[in-house]
Amino acid sequence: MGNRSLEEWEEYDTISYLAAIHMLLDGKELNFYEHDDIEQPGIMVDNEYWQVYKIRATGEESEWGVDWDTIRLVIRLTEKEVTLSSETISQKDAFEILRAIYEITDSGEYEDLWQFLGYEIS
């Protein structure tokens, strides 16, 4: 991802990462199982580590204040659907999901994730 480290995930706040996820998904659902070349992101929910299986941006288009997404999670053979917001997901987990979505949806318009965030979110 260019010359910036992925360790700089604290660069933007959680709501900015969720807004970027909404922009990239554009109302569509993304199934991470369909992309073997991308590492599935994982998040902590209810004190357990879950793999993100599907994600759908459920907010209105062009509505910056909407910061929630419906995510299907899988742990072992159990599935769970949760709605996350900037209050219920950690900044790092939001970044990891965004990073995976960007890798899948990258159209080559931006040099890397950081340029995308700088142009679209800043």
# chains A, B, ... in the order shown; residues from 1 in each chain; ligands from 1
>>> select_by_dssp(residues="chain A", states="strand (DSSP E or B)", output="JSON, numbers by chain")
{"A": [29, 30, 31, 42, 43, 44, 45, 48, 49, 50, 51, 52, 53, 54, 55, 56, 57, 68, 69, 70, 71, 72, 73, 74, 75, 78, 79, 80, 81, 82, 83, 84, 85]}
>>> residues_around(residues="stretch 100-108 of chain A", least_positions_apart="6", cutoff="7 Å", atoms="only C-alpha atoms", output="ChimeraX atom specification")
/A:24,38,41
>>> closest_residue(among="A:Tyr53, A:Trp114, A:Tyr33, A:Phe95", to="A:Ile21", atoms="only C-alpha atoms")
A:Phe95
>>> residues_around(residues="A:Glu10", least_positions_apart="2", cutoff="10 Å", atoms="only C-alpha atoms", output="list of chain:residue names")
A:Leu6, A:Glu7, A:Glu8, A:Tyr12, A:Asp13, A:Thr14, A:Gln91, A:Lys92, A:Phe95
>>> write_last_selection(atoms="all heavy atoms", output="short mmCIF file (atom, residue, chain, number, x, y, z; two decimals), in the first residue's frame")
data_model
loop_
_atom_site.label_atom_id
_atom_site.label_comp_id
_atom_site.auth_asym_id
_atom_site.auth_seq_id
_atom_site.Cartn_x
_atom_site.Cartn_y
_atom_site.Cartn_z
N LEU A 6 0.86 -0.03 7.23
CA LEU A 6 -0.48 -0.38 7.70
C LEU A 6 -0.58 -0.22 9.21
O LEU A 6 -1.68 -0.22 9.77
CB LEU A 6 -0.80 -1.82 7.31
CG LEU A 6 -0.91 -2.06 5.82
CD1 LEU A 6 -1.19 -3.52 5.54
CD2 LEU A 6 -1.99 -1.20 5.20
N GLU A 7 0.55 -0.05 9.86
CA GLU A 7 0.55 0.18 11.30
C GLU A 7 0.05 1.59 11.63
O GLU A 7 -0.16 1.92 12.79
CB GLU A 7 1.95 -0.02 11.88
CG GLU A 7 2.47 -1.44 11.72
CD GLU A 7 1.55 -2.48 12.37
OE1 GLU A 7 1.11 -2.27 13.51
OE2 GLU A 7 1.29 -3.50 11.71
N GLU A 8 -0.14 2.41 10.64
CA GLU A 8 -0.63 3.78 10.86
C GLU A 8 -2.16 3.83 10.85
O GLU A 8 -2.75 4.84 10.51
CB GLU A 8 -0.06 4.71 9.78
CG GLU A 8 1.45 4.83 9.85
CD GLU A 8 2.01 5.75 8.77
OE1 GLU A 8 1.49 6.86 8.60
OE2 GLU A 8 2.97 5.33 8.11
N TYR A 12 -6.97 7.86 10.95
CA TYR A 12 -8.34 8.37 10.83
C TYR A 12 -9.18 7.76 11.94
O TYR A 12 -8.85 6.72 12.49
CB TYR A 12 -8.94 7.97 9.47
CG TYR A 12 -8.27 8.65 8.30
CD1 TYR A 12 -7.14 8.08 7.70
CD2 TYR A 12 -8.74 9.85 7.81
CE1 TYR A 12 -6.51 8.70 6.64
CE2 TYR A 12 -8.12 10.48 6.73
CZ TYR A 12 -7.01 9.90 6.16
OH TYR A 12 -6.39 10.52 5.11
N ASP A 13 -10.32 8.40 12.24
CA ASP A 13 -11.18 7.86 13.29
C ASP A 13 -12.10 6.77 12.74
O ASP A 13 -12.20 6.57 11.52
CB ASP A 13 -11.97 8.97 13.98
CG ASP A 13 -12.86 9.75 13.02
OD1 ASP A 13 -13.04 9.34 11.86
OD2 ASP A 13 -13.38 10.80 13.44
N THR A 14 -12.75 6.07 13.63
CA THR A 14 -13.58 4.92 13.26
C THR A 14 -14.69 5.32 12.29
O THR A 14 -14.93 4.63 11.30
CB THR A 14 -14.20 4.28 14.52
OG1 THR A 14 -13.14 3.98 15.42
CG2 THR A 14 -14.96 3.01 14.18
N GLN A 91 -11.60 0.92 16.34
CA GLN A 91 -10.96 1.65 15.25
C GLN A 91 -10.12 0.70 14.40
O GLN A 91 -10.17 0.74 13.17
CB GLN A 91 -10.11 2.77 15.83
CG GLN A 91 -9.41 3.63 14.82
CD GLN A 91 -8.53 4.66 15.50
OE1 GLN A 91 -8.26 4.59 16.70
NE2 GLN A 91 -8.07 5.63 14.74
N LYS A 92 -9.36 -0.17 15.04
CA LYS A 92 -8.49 -1.10 14.31
C LYS A 92 -9.32 -2.12 13.51
O LYS A 92 -8.99 -2.41 12.36
CB LYS A 92 -7.56 -1.83 15.27
CG LYS A 92 -6.57 -2.69 14.52
CD LYS A 92 -5.43 -3.12 15.40
CE LYS A 92 -4.50 -3.91 14.66
NZ LYS A 92 -3.53 -4.22 14.19
N PHE A 95 -10.65 -0.45 10.47
CA PHE A 95 -9.59 -0.29 9.49
C PHE A 95 -9.30 -1.61 8.76
O PHE A 95 -9.15 -1.63 7.54
CB PHE A 95 -8.30 0.22 10.15
CG PHE A 95 -7.14 0.27 9.21
CD1 PHE A 95 -7.04 1.28 8.26
CD2 PHE A 95 -6.16 -0.71 9.23
CE1 PHE A 95 -5.98 1.31 7.36
CE2 PHE A 95 -5.10 -0.68 8.35
CZ PHE A 95 -5.01 0.33 7.41
#
>>> closest_residue(among="A:Glu81, A:Glu34, A:Glu120, A:Glu39", to="A:Ile97", atoms="only C-alpha atoms")
A:Glu39
>>> closest_residue(among="A:Ala20, A:Ala94, A:Ile15, A:Ile55", to="A:Tyr119", atoms="only C-alpha atoms")
A:Ala20
>>> closest_residue(among="A:Val52, A:Ile71, A:Ala19, A:Leu113", to="A:Arg99", atoms="only C-alpha atoms")
A:Leu113
>>> atom_distance(atom1="atom CA of A:Gln40", atom2="atom CA of A:Lys80")
15.7 Å
